[in-house]
Amino acid sequence: MKCNCRADIEEKLTERFKANTPDAREHKVTLDGYGFGIVNNTMVMQPYFSYTAFSYVPLKKGGEKPKKVTGNMIFTYCPFCGEKVKGDE
C-alpha cells in the first residue's frame, strides 16, 4: 500500500495505551487484519477484516439449529484513508 495508515494508527494507539497505563512497560499495540496478497503479480500488504455471522436456522422437521459462518473481507482500498492498494500497474 502506498499509505502509512497502519503504522500511523499503531503509533497513536501505542501512545494512548502508554498514557492510560503509565506504570506498565514495553507498550505495543498492533492492528490485526493485515496480510500479504498478490496484486498484478506483485506481493503487497493488504488490509482485511475477518467476520463471524451467526443465526438460528429453521429445520424442515421442526425446531432450529445454530449456524455460524466465518469469512474474510479483503480490501482493494485502505479502509482508513481510501488509498488504492497498489501492485504493478
# chains A, B, ... in the order shown; residues from 1 in each chain; ligands from 1
>>> residues_around(residues="range 67-79 of chain A", least_positions_apart="2", cutoff="6 Å", atoms="only C-alpha atoms", output="PDB file with all heavy atoms, in the first residue's frame")
ATOM      1  N   PRO A  47      -5.060  -4.825   3.565  1.00  0.00           N
ATOM      2  CA  PRO A  47      -5.916  -4.905   4.748  1.00  0.00           C
ATOM      3  C   PRO A  47      -7.076  -5.863   4.540  1.00  0.00           C
ATOM      4  O   PRO A  47      -7.579  -6.012   3.428  1.00  0.00           O
ATOM      5  CB  PRO A  47      -6.425  -3.473   4.925  1.00  0.00           C
ATOM      6  CG  PRO A  47      -6.318  -2.862   3.579  1.00  0.00           C
ATOM      7  CD  PRO A  47      -5.193  -3.546   2.879  1.00  0.00           C
ATOM      8  N   TYR A  48      -7.461  -6.522   5.629  1.00  0.00           N
ATOM      9  CA  TYR A  48      -8.639  -7.386   5.591  1.00  0.00           C
ATOM     10  C   TYR A  48      -9.266  -7.414   6.981  1.00  0.00           C
ATOM     11  O   TYR A  48      -8.607  -7.119   7.969  1.00  0.00           O
ATOM     12  CB  TYR A  48      -8.292  -8.801   5.134  1.00  0.00           C
ATOM     13  CG  TYR A  48      -7.510  -9.598   6.138  1.00  0.00           C
ATOM     14  CD1 TYR A  48      -8.150 -10.370   7.097  1.00  0.00           C
ATOM     15  CD2 TYR A  48      -6.131  -9.579   6.138  1.00  0.00           C
ATOM     16  CE1 TYR A  48      -7.433 -11.092   8.034  1.00  0.00           C
ATOM     17  CE2 TYR A  48      -5.402 -10.289   7.078  1.00  0.00           C
ATOM     18  CZ  TYR A  48      -6.055 -11.045   8.013  1.00  0.00           C
ATOM     19  OH  TYR A  48      -5.353 -11.747   8.955  1.00  0.00           O
ATOM     20  N   PHE A  49     -10.514  -7.722   7.044  1.00  0.00           N
ATOM     21  CA  PHE A  49     -11.200  -7.946   8.309  1.00  0.00           C
ATOM     22  C   PHE A  49     -11.843  -9.304   8.240  1.00  0.00           C
ATOM     23  O   PHE A  49     -12.458  -9.662   7.231  1.00  0.00           O
ATOM     24  CB  PHE A  49     -12.291  -6.907   8.574  1.00  0.00           C
ATOM     25  CG  PHE A  49     -11.778  -5.509   8.786  1.00  0.00           C
ATOM     26  CD1 PHE A  49     -12.438  -4.437   8.235  1.00  0.00           C
ATOM     27  CD2 PHE A  49     -10.647  -5.260   9.543  1.00  0.00           C
ATOM     28  CE1 PHE A  49     -11.987  -3.150   8.426  1.00  0.00           C
ATOM     29  CE2 PHE A  49     -10.187  -3.972   9.738  1.00  0.00           C
ATOM     30  CZ  PHE A  49     -10.857  -2.912   9.185  1.00  0.00           C
ATOM     31  N   SER A  50     -11.705 -10.073   9.303  1.00  0.00           N
ATOM     32  CA  SER A  50     -12.428 -11.336   9.363  1.00  0.00           C
ATOM     33  C   SER A  50     -13.773 -11.066  10.027  1.00  0.00           C
ATOM     34  O   SER A  50     -13.932 -10.095  10.749  1.00  0.00           O
ATOM     35  CB  SER A  50     -11.638 -12.390  10.126  1.00  0.00           C
ATOM     36  OG  SER A  50     -11.352 -11.937  11.415  1.00  0.00           O
ATOM     37  N   TYR A  51     -14.740 -11.910   9.714  1.00  0.00           N
ATOM     38  CA  TYR A  51     -16.053 -11.741  10.324  1.00  0.00           C
ATOM     39  C   TYR A  51     -16.648 -13.088  10.677  1.00  0.00           C
ATOM     40  O   TYR A  51     -16.268 -14.115  10.140  1.00  0.00           O
ATOM     41  CB  TYR A  51     -17.013 -10.962   9.411  1.00  0.00           C
ATOM     42  CG  TYR A  51     -17.399 -11.701   8.152  1.00  0.00           C
ATOM     43  CD1 TYR A  51     -18.480 -12.568   8.138  1.00  0.00           C
ATOM     44  CD2 TYR A  51     -16.678 -11.538   6.987  1.00  0.00           C
ATOM     45  CE1 TYR A  51     -18.832 -13.257   6.989  1.00  0.00           C
ATOM     46  CE2 TYR A  51     -17.019 -12.214   5.835  1.00  0.00           C
ATOM     47  CZ  TYR A  51     -18.096 -13.065   5.840  1.00  0.00           C
ATOM     48  OH  TYR A  51     -18.432 -13.754   4.697  1.00  0.00           O
ATOM     49  N   THR A  52     -17.588 -13.057  11.633  1.00  0.00           N
ATOM     50  CA  THR A  52     -18.362 -14.228  12.007  1.00  0.00           C
ATOM     51  C   THR A  52     -19.824 -13.833  11.974  1.00  0.00           C
ATOM     52  O   THR A  52     -20.211 -12.814  12.541  1.00  0.00           O
ATOM     53  CB  THR A  52     -17.995 -14.697  13.424  1.00  0.00           C
ATOM     54  OG1 THR A  52     -16.599 -14.994  13.472  1.00  0.00           O
ATOM     55  CG2 THR A  52     -18.792 -15.928  13.818  1.00  0.00           C
ATOM     56  N   ALA A  53     -20.622 -14.621  11.277  1.00  0.00           N
ATOM     57  CA  ALA A  53     -22.072 -14.406  11.223  1.00  0.00           C
ATOM     58  C   ALA A  53     -22.734 -15.591  11.921  1.00  0.00           C
ATOM     59  O   ALA A  53     -22.329 -16.737  11.738  1.00  0.00           O
ATOM     60  CB  ALA A  53     -22.545 -14.299   9.787  1.00  0.00           C
ATOM     61  N   PHE A  54     -23.765 -15.309  12.706  1.00  0.00           N
ATOM     62  CA  PHE A  54     -24.427 -16.357  13.473  1.00  0.00           C
ATOM     63  C   PHE A  54     -25.933 -16.191  13.353  1.00  0.00           C
ATOM     64  O   PHE A  54     -26.450 -15.071  13.354  1.00  0.00           O
ATOM     65  CB  PHE A  54     -24.025 -16.262  14.951  1.00  0.00           C
ATOM     66  CG  PHE A  54     -24.676 -17.292  15.814  1.00  0.00           C
ATOM     67  CD1 PHE A  54     -24.151 -18.565  15.921  1.00  0.00           C
ATOM     68  CD2 PHE A  54     -25.839 -16.997  16.505  1.00  0.00           C
ATOM     69  CE1 PHE A  54     -24.758 -19.517  16.706  1.00  0.00           C
ATOM     70  CE2 PHE A  54     -26.461 -17.945  17.292  1.00  0.00           C
ATOM     71  CZ  PHE A  54     -25.915 -19.206  17.395  1.00  0.00           C
ATOM     72  N   SER A  55     -26.626 -17.311  13.223  1.00  0.00           N
ATOM     73  CA  SER A  55     -28.093 -17.288  13.218  1.00  0.00           C
ATOM     74  C   SER A  55     -28.616 -18.678  13.592  1.00  0.00           C
ATOM     75  O   SER A  55     -27.874 -19.652  13.591  1.00  0.00           O
ATOM     76  CB  SER A  55     -28.634 -16.885  11.844  1.00  0.00           C
ATOM     77  OG  SER A  55     -28.300 -17.861  10.882  1.00  0.00           O
ATOM     78  N   TYR A  56     -29.911 -18.721  13.920  1.00  0.00           N
ATOM     79  CA  TYR A  56     -30.587 -19.992  14.119  1.00  0.00           C
ATOM     80  C   TYR A  56     -31.400 -20.275  12.863  1.00  0.00           C
ATOM     81  O   TYR A  56     -32.206 -19.454  12.446  1.00  0.00           O
ATOM     82  CB  TYR A  56     -31.501 -19.953  15.350  1.00  0.00           C
ATOM     83  CG  TYR A  56     -30.723 -19.982  16.635  1.00  0.00           C
ATOM     84  CD1 TYR A  56     -30.464 -18.816  17.328  1.00  0.00           C
ATOM     85  CD2 TYR A  56     -30.247 -21.179  17.149  1.00  0.00           C
ATOM     86  CE1 TYR A  56     -29.743 -18.837  18.512  1.00  0.00           C
ATOM     87  CE2 TYR A  56     -29.527 -21.207  18.329  1.00  0.00           C
ATOM     88  CZ  TYR A  56     -29.275 -20.040  19.000  1.00  0.00           C
ATOM     89  OH  TYR A  56     -28.558 -20.069  20.164  1.00  0.00           O
ATOM     90  N   CYS A  81      -7.927   5.593   4.916  1.00  0.00           N
ATOM     91  CA  CYS A  81      -7.695   6.816   4.137  1.00  0.00           C
ATOM     92  C   CYS A  81      -8.260   6.737   2.715  1.00  0.00           C
ATOM     93  O   CYS A  81      -8.339   7.754   2.034  1.00  0.00           O
ATOM     94  CB  CYS A  81      -6.220   7.165   4.078  1.00  0.00           C
ATOM     95  SG  CYS A  81      -5.229   6.058   3.034  1.00  0.00           S
ATOM     96  N   GLY A  82      -8.604   5.550   2.253  1.00  0.00           N
ATOM     97  CA  GLY A  82      -9.182   5.417   0.923  1.00  0.00           C
ATOM     98  C   GLY A  82      -8.179   5.256  -0.205  1.00  0.00           C
ATOM     99  O   GLY A  82      -8.569   5.189  -1.375  1.00  0.00           O
ATOM    100  N   GLU A  83      -6.880   5.181   0.104  1.00  0.00           N
ATOM    101  CA  GLU A  83      -5.873   4.990  -0.941  1.00  0.00           C
ATOM    102  C   GLU A  83      -6.006   3.586  -1.529  1.00  0.00           C
ATOM    103  O   GLU A  83      -6.237   2.628  -0.816  1.00  0.00           O
ATOM    104  CB  GLU A  83      -4.457   5.171  -0.387  1.00  0.00           C
ATOM    105  CG  GLU A  83      -4.108   6.581  -0.019  1.00  0.00           C
ATOM    106  CD  GLU A  83      -3.924   7.474  -1.221  1.00  0.00           C
ATOM    107  OE1 GLU A  83      -3.510   6.994  -2.301  1.00  0.00           O
ATOM    108  OE2 GLU A  83      -4.207   8.673  -1.073  1.00  0.00           O
ATOM    109  N   LYS A  84      -5.818   3.469  -2.834  1.00  0.00           N
ATOM    110  CA  LYS A  84      -5.911   2.180  -3.514  1.00  0.00           C
ATOM    111  C   LYS A  84      -4.699   1.334  -3.171  1.00  0.00           C
ATOM    112  O   LYS A  84      -3.578   1.838  -3.094  1.00  0.00           O
ATOM    113  CB  LYS A  84      -5.995   2.393  -5.016  1.00  0.00           C
ATOM    114  CG  LYS A  84      -6.193   1.099  -5.794  1.00  0.00           C
ATOM    115  CD  LYS A  84      -6.683   1.375  -7.198  1.00  0.00           C
ATOM    116  CE  LYS A  84      -6.861   0.136  -8.021  1.00  0.00           C
ATOM    117  NZ  LYS A  84      -7.767  -0.854  -7.495  1.00  0.00           N
ATOM    118  N   VAL A  85      -4.897   0.041  -2.923  1.00  0.00           N
ATOM    119  CA  VAL A  85      -3.798  -0.900  -2.721  1.00  0.00           C
ATOM    120  C   VAL A  85      -3.112  -1.052  -4.065  1.00  0.00           C
ATOM    121  O   VAL A  85      -3.760  -1.342  -5.077  1.00  0.00           O
ATOM    122  CB  VAL A  85      -4.326  -2.260  -2.215  1.00  0.00           C
ATOM    123  CG1 VAL A  85      -3.202  -3.273  -2.136  1.00  0.00           C
ATOM    124  CG2 VAL A  85      -4.985  -2.105  -0.856  1.00  0.00           C
TER     125      VAL A  85
END
>>> residues_around(residues="range 8-21 of chain A", least_positions_apart="3", cutoff="12 Å", atoms="only C-alpha atoms", output="list in words")
Cys3, Asn4, Cys5, Ala24, Arg25, Glu26, His27, Lys28, Val29, Thr30, Leu31, Asp32, Phe80 and Cys81 of chain A
